[in-house]
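Take a look at the structure set out below.
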Amino acid sequence: MLEALMKIFGKKESSGKIAKDRLKVVLIHDRANISPEVMNNLKNDIIRVISNYMEINQHDMEISLADDDDSVALVANIPVSRMKHDKGKNKG
Amino acid sequence: MSEIYVITSGKGGVGKTTTTANLGVGLAMRGKRVALVDTDTGLRNLDLLLGLENRIMYDLIDVTEGRVEYKKALVRHKKYDSLFLLPTSQVKDKTAVNPEQLVKLCNDMKKEFDYILIDCPAGIEQGFKTAIAAADVAIVVTMPEISAVRDADKIIGELGRADKENIKLVVNRIRPLMVESGDMLDMDDINDILSIECIGQVPDDEMVVTSTNRGEPCITMPNSQAGQAYRNIVSRLCGEPVPFMEFPKEGFFTRLKRVFNL
């Protein structure tokens, strides 16, 4: 009886809502699956921009997409060798 | 002007072939000249849904390999004489046709037909790539189920990579009572997740089973809910804006009875 009343008035999350929330998360992960080629282009673009400001060690640089439970992050580990004196003036 | 549609889904069993058969019959009921091309080589079923399984002489592979002209392989529908089926082979596999061959065939057929509907196999491999190659518009069929929606999302991504940008969505096998009680994704949820224009929501309907048994798509049945939903989709494809159908709601007392298991 109590269970029946809970069904009418209770606040238990509906399975449709759960399905929607799970789908949203799984699709973030699915869509974040980008090809090594795109990843490489992204890496080169990042190197180009950062090099305007500082010298970086390109060989030890790591860049990847990290999956968390409900989000995806772009994680970059970029060792800096030296700051440039004319920070940002030599763009292009 | 003729239009080429591909009906696809990624996941199997969501109703691609049923949708193809119904839309084909629906368009033919309006007097349009329609060709249905089955590309599910090795697992053909579109002939069964149309009740044409005993009339097949030649198939898609005979045409693409140049043994017969496509007109010879076409099977005319018994009742709707502007509707034709180009069946595929039941013995060959998906590698028997390549995308270039299908594009060439569809270009030839365009001269004779207002609509060409291509029934795509499940999966994202060679068979899928061949089926979508010739299409102007892709109709992605999905179901209110997480696996079907996820696969639909994957298919939408693959279509984008193949430069197929005109994509429409059909949500099939909706159970209105489950949606009402919050236990099933509805069309708006799926729209929100996939961000694709929805052109139809089709309720789960026993008449789909009985009509398939008879080889007569349910769009011909005036009392079928799914049939009405398919008629609405045909109207939308023909450029007539039709509101989405309301599903009958469960009354308060029926719900109370169900909750108390009476």
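Here, A, B, ... name the chains of the structure tokens in the order displayed, residue numbers run from 1 inside each chain, and ligands are numbered from 1 in the same displayed order.
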
Please identify every residue of chain B that has at least one atom no farther than 6 Å from an atom of chain A, counting only C-alpha atoms, and for each give the shortest atom pair and the distance in Å to one decimal, arranged by chain then increasing number, as a tab-separated table.
residue	atom	partner	partner_atom	distance
B:Gly182	CA	A:Gly16	CA	5.4
B:Asp183	CA	A:Gly16	CA	4.4
B:Met184	CA	A:Gly16	CA	4.5
B:Leu185	CA	A:Gly16	CA	5.1

Quiz item: Contacts of Phe84 (chain B) at 10 Å or less, counting only C-alpha atoms, minus same-chain residues fewer than 5 places along, as a ChimeraX atom specification?
Solution: /B:24-25,28,33-37,52,71,73-78,113,116

Taking C-alpha atoms for each residue, export the selection above as a PDB file, in the first residue's frame.
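Below you can see out.pdb, which holds the result:
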ATOM      1  CA  GLY B  24       6.839   3.960 -50.292  1.00  0.00           C
ATOM      2  CA  VAL B  25       3.218   2.812 -50.277  1.00  0.00           C
ATOM      3  CA  ALA B  28       2.424   5.775 -54.240  1.00  0.00           C
ATOM      4  CA  ARG B  33       6.149   7.260 -58.996  1.00  0.00           C
ATOM      5  CA  VAL B  34       8.213   5.477 -56.346  1.00  0.00           C
ATOM      6  CA  ALA B  35      11.091   2.999 -56.458  1.00  0.00           C
ATOM      7  CA  LEU B  36      12.177   1.143 -53.327  1.00  0.00           C
ATOM      8  CA  VAL B  37      15.728  -0.189 -53.438  1.00  0.00           C
ATOM      9  CA  LEU B  52       6.105  -9.297 -53.405  1.00  0.00           C
ATOM     10  CA  LYS B  71      13.777  -2.007 -65.527  1.00  0.00           C
ATOM     11  CA  ALA B  73      14.584  -6.321 -62.254  1.00  0.00           C
ATOM     12  CA  LEU B  74      11.883  -3.973 -60.946  1.00  0.00           C
ATOM     13  CA  VAL B  75       8.829  -5.645 -59.405  1.00  0.00           C
ATOM     14  CA  ARG B  76       5.597  -3.691 -59.755  1.00  0.00           C
ATOM     15  CA  HIS B  77       3.330  -3.613 -56.691  1.00  0.00           C
ATOM     16  CA  LYS B  78       0.094  -5.574 -57.033  1.00  0.00           C
ATOM     17  CA  PHE B 113      10.767   8.166 -60.606  1.00  0.00           C
ATOM     18  CA  ILE B 116      13.717   6.652 -54.742  1.00  0.00           C
TER      19      ILE B 116
END

Do you know which residues are at most 12 Å from Lys164 (chain B) counting only C-alpha atoms, after dropping those on the same chain fewer than 3 positions away, and could you put them as a PDB file with N, CA and C atoms, in the first residue's frame?
ATOM      1  N   ILE B   4      16.120  11.407 -53.700  1.00  0.00           N
ATOM      2  CA  ILE B   4      16.602  10.103 -53.248  1.00  0.00           C
ATOM      3  C   ILE B   4      16.768  10.127 -51.731  1.00  0.00           C
ATOM      4  N   TYR B   5      16.058   9.229 -51.069  1.00  0.00           N
ATOM      5  CA  TYR B   5      16.130   9.119 -49.617  1.00  0.00           C
ATOM      6  C   TYR B   5      16.824   7.820 -49.247  1.00  0.00           C
ATOM      7  N   VAL B   6      17.603   7.857 -48.171  1.00  0.00           N
ATOM      8  CA  VAL B   6      18.081   6.597 -47.589  1.00  0.00           C
ATOM      9  C   VAL B   6      17.464   6.480 -46.197  1.00  0.00           C
ATOM     10  N   LYS B 129      27.796   2.362 -46.082  1.00  0.00           N
ATOM     11  CA  LYS B 129      28.467   3.369 -46.919  1.00  0.00           C
ATOM     12  C   LYS B 129      27.942   3.332 -48.349  1.00  0.00           C
ATOM     13  N   ILE B 132      24.202   4.890 -48.444  1.00  0.00           N
ATOM     14  CA  ILE B 132      24.028   6.345 -48.298  1.00  0.00           C
ATOM     15  C   ILE B 132      24.620   7.122 -49.462  1.00  0.00           C
ATOM     16  N   ALA B 133      25.459   6.471 -50.268  1.00  0.00           N
ATOM     17  CA  ALA B 133      26.247   7.197 -51.268  1.00  0.00           C
ATOM     18  C   ALA B 133      25.394   8.040 -52.218  1.00  0.00           C
ATOM     19  N   ALA B 134      24.234   7.507 -52.618  1.00  0.00           N
ATOM     20  CA  ALA B 134      23.455   8.186 -53.647  1.00  0.00           C
ATOM     21  C   ALA B 134      22.419   9.153 -53.083  1.00  0.00           C
ATOM     22  N   ALA B 135      22.240   9.148 -51.755  1.00  0.00           N
ATOM     23  CA  ALA B 135      21.082   9.829 -51.165  1.00  0.00           C
ATOM     24  C   ALA B 135      21.233  11.344 -51.071  1.00  0.00           C
ATOM     25  N   ASP B 136      20.110  12.046 -51.315  1.00  0.00           N
ATOM     26  CA  ASP B 136      20.049  13.498 -51.082  1.00  0.00           C
ATOM     27  C   ASP B 136      19.669  13.758 -49.622  1.00  0.00           C
ATOM     28  N   VAL B 137      18.794  12.914 -49.111  1.00  0.00           N
ATOM     29  CA  VAL B 137      18.269  13.088 -47.755  1.00  0.00           C
ATOM     30  C   VAL B 137      18.377  11.757 -47.007  1.00  0.00           C
ATOM     31  N   ALA B 138      18.773  11.818 -45.743  1.00  0.00           N
ATOM     32  CA  ALA B 138      18.810  10.606 -44.921  1.00  0.00           C
ATOM     33  C   ALA B 138      17.695  10.674 -43.879  1.00  0.00           C
ATOM     34  N   ILE B 139      16.922   9.605 -43.784  1.00  0.00           N
ATOM     35  CA  ILE B 139      15.929   9.496 -42.716  1.00  0.00           C
ATOM     36  C   ILE B 139      16.488   8.508 -41.694  1.00  0.00           C
ATOM     37  N   VAL B 140      16.800   9.024 -40.512  1.00  0.00           N
ATOM     38  CA  VAL B 140      17.340   8.172 -39.455  1.00  0.00           C
ATOM     39  C   VAL B 140      16.178   7.697 -38.578  1.00  0.00           C
ATOM     40  N   ILE B 155      25.349   7.258 -36.225  1.00  0.00           N
ATOM     41  CA  ILE B 155      25.001   7.298 -37.646  1.00  0.00           C
ATOM     42  C   ILE B 155      24.961   8.737 -38.150  1.00  0.00           C
ATOM     43  N   ILE B 156      24.417   9.647 -37.324  1.00  0.00           N
ATOM     44  CA  ILE B 156      24.355  11.057 -37.709  1.00  0.00           C
ATOM     45  C   ILE B 156      25.772  11.596 -37.900  1.00  0.00           C
ATOM     46  N   GLY B 157      26.690  11.189 -37.012  1.00  0.00           N
ATOM     47  CA  GLY B 157      28.095  11.579 -37.150  1.00  0.00           C
ATOM     48  C   GLY B 157      28.699  11.047 -38.442  1.00  0.00           C
ATOM     49  N   GLU B 158      28.418   9.775 -38.747  1.00  0.00           N
ATOM     50  CA  GLU B 158      28.952   9.161 -39.972  1.00  0.00           C
ATOM     51  C   GLU B 158      28.379   9.843 -41.210  1.00  0.00           C
ATOM     52  N   LEU B 159      27.085  10.190 -41.166  1.00  0.00           N
ATOM     53  CA  LEU B 159      26.468  10.880 -42.307  1.00  0.00           C
ATOM     54  C   LEU B 159      27.140  12.227 -42.535  1.00  0.00           C
ATOM     55  N   GLY B 160      27.444  12.917 -41.425  1.00  0.00           N
ATOM     56  CA  GLY B 160      28.129  14.206 -41.522  1.00  0.00           C
ATOM     57  C   GLY B 160      29.498  14.067 -42.169  1.00  0.00           C
ATOM     58  N   ARG B 161      30.221  13.014 -41.777  1.00  0.00           N
ATOM     59  CA  ARG B 161      31.547  12.787 -42.361  1.00  0.00           C
ATOM     60  C   ARG B 161      31.454  12.467 -43.847  1.00  0.00           C
ATOM     61  N   ILE B 167      19.422  15.650 -42.904  1.00  0.00           N
ATOM     62  CA  ILE B 167      19.075  14.469 -42.112  1.00  0.00           C
ATOM     63  C   ILE B 167      17.762  14.711 -41.363  1.00  0.00           C
ATOM     64  N   LYS B 168      16.856  13.755 -41.454  1.00  0.00           N
ATOM     65  CA  LYS B 168      15.576  13.841 -40.733  1.00  0.00           C
ATOM     66  C   LYS B 168      15.459  12.648 -39.797  1.00  0.00           C
TER      67      LYS B 168
END

Practice problem: Using DSSP on the backbone coordinates, identify all residues within region 35-227 of chain B classified as strand (DSSP E); present the result as an NGL selection string. | Solution: :B and (35-38 or 75-76 or 83-86 or 115-119 or 137-142 or 167-174 or 197-203)

Quiz item: Between B:Asn54, B:Ser195, B:Ser82, B:Gln101, which one has atoms that come closest to Ala131 (chain B), using only C-alpha atoms?
Solution: B:Gln101

Quiz item: So how far away is CA of Pro176 (chain B) from CA of Leu48 (chain B), in Å?
Solution: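 Answer for the CA of Leu48 (chain B) to CA of Pro176 (chain B) separation: 28.4 Å.
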
Self-check item: Long-range neighbours of Asp40 (chain B) as JSON, numbers by chain, 10 Å cut-off, only C-alpha atoms, 6 positions minimum in chain
Solution: {"B": [17, 46, 87, 88, 89, 90, 93, 94, 118, 119, 120, 121, 122, 127, 128, 131]}

Quiz prompt | Distance criterion (only C-alpha atoms): nearest to Asn172 (chain B) out of B:Lys104, B:Val68, B:Leu256, B:Val202 | solution =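 The closest residue to Asn172 (chain B) is B:Val202.
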
Quiz item: region 111-205 of chain B: which residues are helix (DSSP H, G or I) by DSSP, as JSON, numbers by chain?
Solution: {"B": [126, 127, 128, 129, 130, 131, 132, 133, 146, 147, 148, 149, 150, 151, 152, 153, 154, 155, 156, 157, 158, 159, 160, 161, 176, 177, 178, 179, 180, 187, 188, 189, 190, 191, 192, 193, 194]}

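All residues of protein, DNA or RNA that reach within 10 Å of Cys238 (chain B), judged by only C-alpha atoms and not counting those fewer than 6 positions away in the chain, are Leu27, Arg30 and Asn232 of chain B.
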
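Proximity of B:Glu69, B:Asp204, B:Asp81, B:Asp153 to Asp192 (chain B), computed with only C-alpha atoms, is greatest for B:Asp153.
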
Quiz item: Between B:Val234, B:Leu49, B:Cys218, B:Met178, which has the minimum distance to Leu85 (chain B) (counting only C-alpha atoms)?
Solution: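 Selected residue with least distance to Leu85 (chain B): B:Leu49.
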